[in-house]
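Scroll down for the structure; my scribbles are underneath it.
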Amino acid sequence: MTTNIHPTAIIEDGAQIGEGCSIGPYCIIGAQVTLDKNVTLKAHVVVDGITSIGEGTSIYPFASIGTQPQDLKYAGEPSELIIGKNNTIREHVTMNPGTKDGGMKTVVGDNCLFMMATHVAHDCIIGNNVIMANNATLGGHVVVGDRVLVGGLAAVHQFVRIGSFAVIGGMSGVESDVIPFGRVKGERASLAGLNLIGLERNGFSKDQVRTIQRAYKGIFDSEGNLDQRLDKVAAENGDNDLIVKIIDFARHRDKFGLCQPEKTPQKKTA
């Protein structure tokens with residue numbers, strides 16, 4: 001495997017460049033950067049800080065990867081940005097390393113697509129096969145599960161958790177945790193049901209979908225407070241891994257509550 005480095009690229013001493021990498025014109029790579037095999041930096045890409053990028057990842061022009069977190073409390077601590085394999089990081093994407101208040105690392109999984117001008121802030125933890133559409137942004141400390149889709153221009157508040165297989169509608173502001181398989185939308189996002197299209201595309205059977213739908217109704221559309229409803233659904237589905245996944249996620253809410261369905265206004269009676 002041949003490594004191709006354009007003569008205009010600047011690679012600081014100490015940077016580790018794997019076999020088969022392609023470093024395009026005017027890229028800048030810092031001294032503590034590690035690129036695994038077959039990483040491609042198209043052109044005008046900046047990779048800095050203690051940053052590692054997994055095999056087969058491609059980064060497009062004007063992306064800024066691993067530069068200092070946008071956090072006033074950051075004091076130069078040696079935090080990391082860890083990016084997995086086979087990711088596509090498009091133009092003007094920004095990703096920042098962690099901070100001492102968030103575990104000292106930002107982690108991105110494998111096979112993700114970050115479309116133009118998306119932002120991954122400090123201390124985010126992102127799963128595999130995640131898609132962020134153009135201009136979507138994650139605040140600091142956000143946790144995103146596997147196969148989540150974040151729509152264009154959506155913004156996720158810091159410390160919010162997004163469960164696996166959830167979908168965030170375009171231009172939504174997400175201020176609460178989103179359950180696995182959930183679908184949220186709106187200027188101040190509310191839960192709008194389940195990600196049925198995503199479930200179908202990812203091979204969930206009709207029986208599995210119906211089971212998740214029943215659990216959803218039990219959690220959000222039945223009597224009692226949230227914890228009582230969770231207990232009831234858990235008792236009825238204790239041997240179902242998919243439902244246990246939702247219940248565990250809901251019970252471990254910390255900074256924020258769960259994103260809830262929008263309440264239907266009561267009709268006035270004469």
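Ordering of the structure tokens sets the chain letters (A, B, ...); residue numbers start at 1 within each chain; ligands are numbered from 1 in the order shown.
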Exercise. Determine which residues of region 18-202 of chain A DSSP labels as strand (DSSP E or B) from the backbone of this structure, then write them out as a PyMOL selection string.
Key: chain A and resi 22-23+28-29+34-35+40-41+46-47+50-53+58-59+64-65+80-83+88-89+94-95+105-108+113-114+119-120+125-126+131-132+137-138+143-144+149-150+155-156+161-162+167-168+173-174+177-178+182-185+188+190-194
Using only C-alpha atoms, determine which residues lie at most 7 Å from Ile219 (chain A), disregarding the query and same-chain residues fewer than 2 positions distant; provide the list as a PyMOL selection string. chain A and resi 215-217+221-222+226+229-230+233
Q.
I want to know what sits within 10 Å of Asp71 (chain A), based on only C-alpha atoms, with residues of the same chain fewer than 5 positions away left out; could you give that as a list of chain:residue names?
A.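 Selected residues are A:Asn96, A:Gly98, A:Thr99, A:Ala121, A:His122, A:Gly140.
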Would you pick out the contacts of Gln158 (chain A) at 6 Å or less, using only C-alpha atoms, so that residues sharing its chain but fewer than 4 positions from it are not included, and give the list as JSON, numbers by chain?
{"A": [139, 140, 141, 142]}
Restricting to only C-alpha atoms, whichever of A:Ser64, A:Gly173, A:Asn129, A:Gly109 is closest to Val160 (chain A) is A:Gly173
Name the residues of region 141-241 of chain A that come out as helix (DSSP H, G or I) in a backbone DSSP run; write them as a PyMOL selection string. chain A and resi 196-201+206-220+226-236+241
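The interatomic distance for the pair CA of Gln213 (chain A) and CA of His252 (chain A) works out to 21.0 Å.
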Problem - Using only C-alpha atoms: which of A:Asp101, A:Glu187, A:Glu91, A:Glu262 has the shortest distance to Met115 (chain A) - result: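 Residue with the minimum atom-to-atom distance to Met115 (chain A): A:Glu91.
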Please provide the set of residues having any atom within 6 Å of Lys185 (chain A), restricted to only C-alpha atoms, with same-chain residues fewer than 2 positions apart removed, written as a ChimeraX atom specification. /A:169,172,189-190
Writing out the chosen residues with N, CA and C atoms as a short mmCIF file (atom, residue, chain, number, x, y, z; two decimals), in the first residue's frame:
data_model
loop_
_atom_site.label_atom_id
_atom_site.label_comp_id
_atom_site.auth_asym_id
_atom_site.auth_seq_id
_atom_site.Cartn_x
_atom_site.Cartn_y
_atom_site.Cartn_z
N GLY A 169 -35.93 14.77 13.93
CA GLY A 169 -36.40 15.53 12.77
C GLY A 169 -35.56 16.77 12.50
N SER A 172 -35.03 20.45 14.60
CA SER A 172 -35.55 20.22 15.95
C SER A 172 -34.52 20.63 16.99
N ALA A 189 -38.33 19.97 20.58
CA ALA A 189 -38.74 18.65 20.11
C ALA A 189 -39.61 17.90 21.12
N SER A 190 -40.62 17.25 20.61
CA SER A 190 -41.46 16.35 21.39
C SER A 190 -41.44 14.98 20.72
#
What are the closest atom pairs, with distances in Å to one decimal, for each residue of region 52-88 of chain A lying within 10 Å of region 9-28 of chain A, using only C-alpha atoms, rows by chain and rising residue number, as a tab-separated table?
residue	atom	partner	partner_atom	distance
A:Ser52	CA	A:Gln16	CA	9.3
A:Gly54	CA	A:Gly18	CA	9.8
A:Glu55	CA	A:Gly18	CA	8.6
A:Gly56	CA	A:Cys21	CA	8.6
A:Thr57	CA	A:Cys21	CA	9.7
A:Ser58	CA	A:Ser22	CA	9.3
A:Ile59	CA	A:Ile23	CA	9.9
A:Tyr60	CA	A:Gly24	CA	9.7
A:Pro61	CA	A:Cys27	CA	8.7
A:Phe62	CA	A:Cys27	CA	8.9
A:Ala63	CA	A:Cys27	CA	9.9
A:Ser64	CA	A:Ile28	CA	9.8
Just-selected residues, N, CA and C atoms written as a PDB file, in the first residue's frame:
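This is the output file part.pdb:
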ATOM      1  N   SER A  52      -6.882  10.349  17.173  1.00  0.00           N
ATOM      2  CA  SER A  52      -6.646   9.125  16.389  1.00  0.00           C
ATOM      3  C   SER A  52      -7.825   8.899  15.453  1.00  0.00           C
ATOM      4  N   GLY A  54      -9.515   6.166  12.658  1.00  0.00           N
ATOM      5  CA  GLY A  54      -9.501   4.764  12.298  1.00  0.00           C
ATOM      6  C   GLY A  54      -9.379   4.493  10.811  1.00  0.00           C
ATOM      7  N   GLU A  55      -9.051   3.262  10.512  1.00  0.00           N
ATOM      8  CA  GLU A  55      -8.809   2.795   9.152  1.00  0.00           C
ATOM      9  C   GLU A  55      -9.974   3.099   8.222  1.00  0.00           C
ATOM     10  N   GLY A  56      -9.637   3.600   7.032  1.00  0.00           N
ATOM     11  CA  GLY A  56     -10.629   3.789   5.984  1.00  0.00           C
ATOM     12  C   GLY A  56     -11.494   5.020   6.111  1.00  0.00           C
ATOM     13  N   THR A  57     -11.255   5.857   7.087  1.00  0.00           N
ATOM     14  CA  THR A  57     -12.051   7.079   7.248  1.00  0.00           C
ATOM     15  C   THR A  57     -11.624   8.121   6.217  1.00  0.00           C
ATOM     16  N   SER A  58     -12.610   8.840   5.652  1.00  0.00           N
ATOM     17  CA  SER A  58     -12.346   9.899   4.677  1.00  0.00           C
ATOM     18  C   SER A  58     -12.825  11.236   5.232  1.00  0.00           C
ATOM     19  N   ILE A  59     -11.972  12.263   5.096  1.00  0.00           N
ATOM     20  CA  ILE A  59     -12.306  13.598   5.601  1.00  0.00           C
ATOM     21  C   ILE A  59     -12.176  14.589   4.454  1.00  0.00           C
ATOM     22  N   TYR A  60     -13.211  15.392   4.295  1.00  0.00           N
ATOM     23  CA  TYR A  60     -13.325  16.288   3.138  1.00  0.00           C
ATOM     24  C   TYR A  60     -12.825  17.695   3.464  1.00  0.00           C
ATOM     25  N   PRO A  61     -12.667  18.557   2.444  1.00  0.00           N
ATOM     26  CA  PRO A  61     -12.022  19.855   2.639  1.00  0.00           C
ATOM     27  C   PRO A  61     -12.638  20.722   3.725  1.00  0.00           C
ATOM     28  N   PHE A  62     -11.746  21.422   4.410  1.00  0.00           N
ATOM     29  CA  PHE A  62     -12.060  22.458   5.400  1.00  0.00           C
ATOM     30  C   PHE A  62     -12.670  21.900   6.688  1.00  0.00           C
ATOM     31  N   ALA A  63     -12.588  20.606   6.889  1.00  0.00           N
ATOM     32  CA  ALA A  63     -12.953  20.054   8.191  1.00  0.00           C
ATOM     33  C   ALA A  63     -11.874  20.419   9.207  1.00  0.00           C
ATOM     34  N   SER A  64     -12.319  20.615  10.461  1.00  0.00           N
ATOM     35  CA  SER A  64     -11.409  20.944  11.559  1.00  0.00           C
ATOM     36  C   SER A  64     -11.608  19.895  12.645  1.00  0.00           C
TER      37      SER A  64
END
Between CA of Ile125 (chain A) and CA of Arg90 (chain A) lies a distance of 19.0 Å
- prompt: Looking at A:Ala235, A:Ile53, A:Val184, A:Ile131, which one is nearest to Met116 (chain A), with distances taken over only C-alpha atoms?
  reply: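 Answer, going by the shortest atom-to-atom distance: A:Ile131.
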Atom pair CA of Gln260 (chain A) + CA of Gly224 (chain A), distance 14.7 Å
With distances taken over only C-alpha atoms, the candidate from A:Ser176, A:Lys42, A:Thr118, A:Ala75 nearest Asp254 (chain A) is A:Ser176
Quiz item: From the set A:Leu41, A:Cys112, A:Met95, A:Val148, which residue has the shortest atom-to-atom contact distance to Cys124 (chain A), counting only C-alpha atoms?
Solution: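 Counting only C-alpha atoms, the residue closest to Cys124 (chain A) is A:Met95.
Counting only C-alpha atoms, the residue from A:Leu81, A:Leu199, A:Ile179, A:Val93 that sits nearest to Leu138 (chain A) is A:Val93.
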Contacts of Pro97 (chain A) within 12 Å, only C-alpha atoms, excl. fewer than 2 positions in-chain, as a PyMOL selection string = chain A and resi 47-52+64-71+74+76-83+94-95+99-108+119-125+140-141
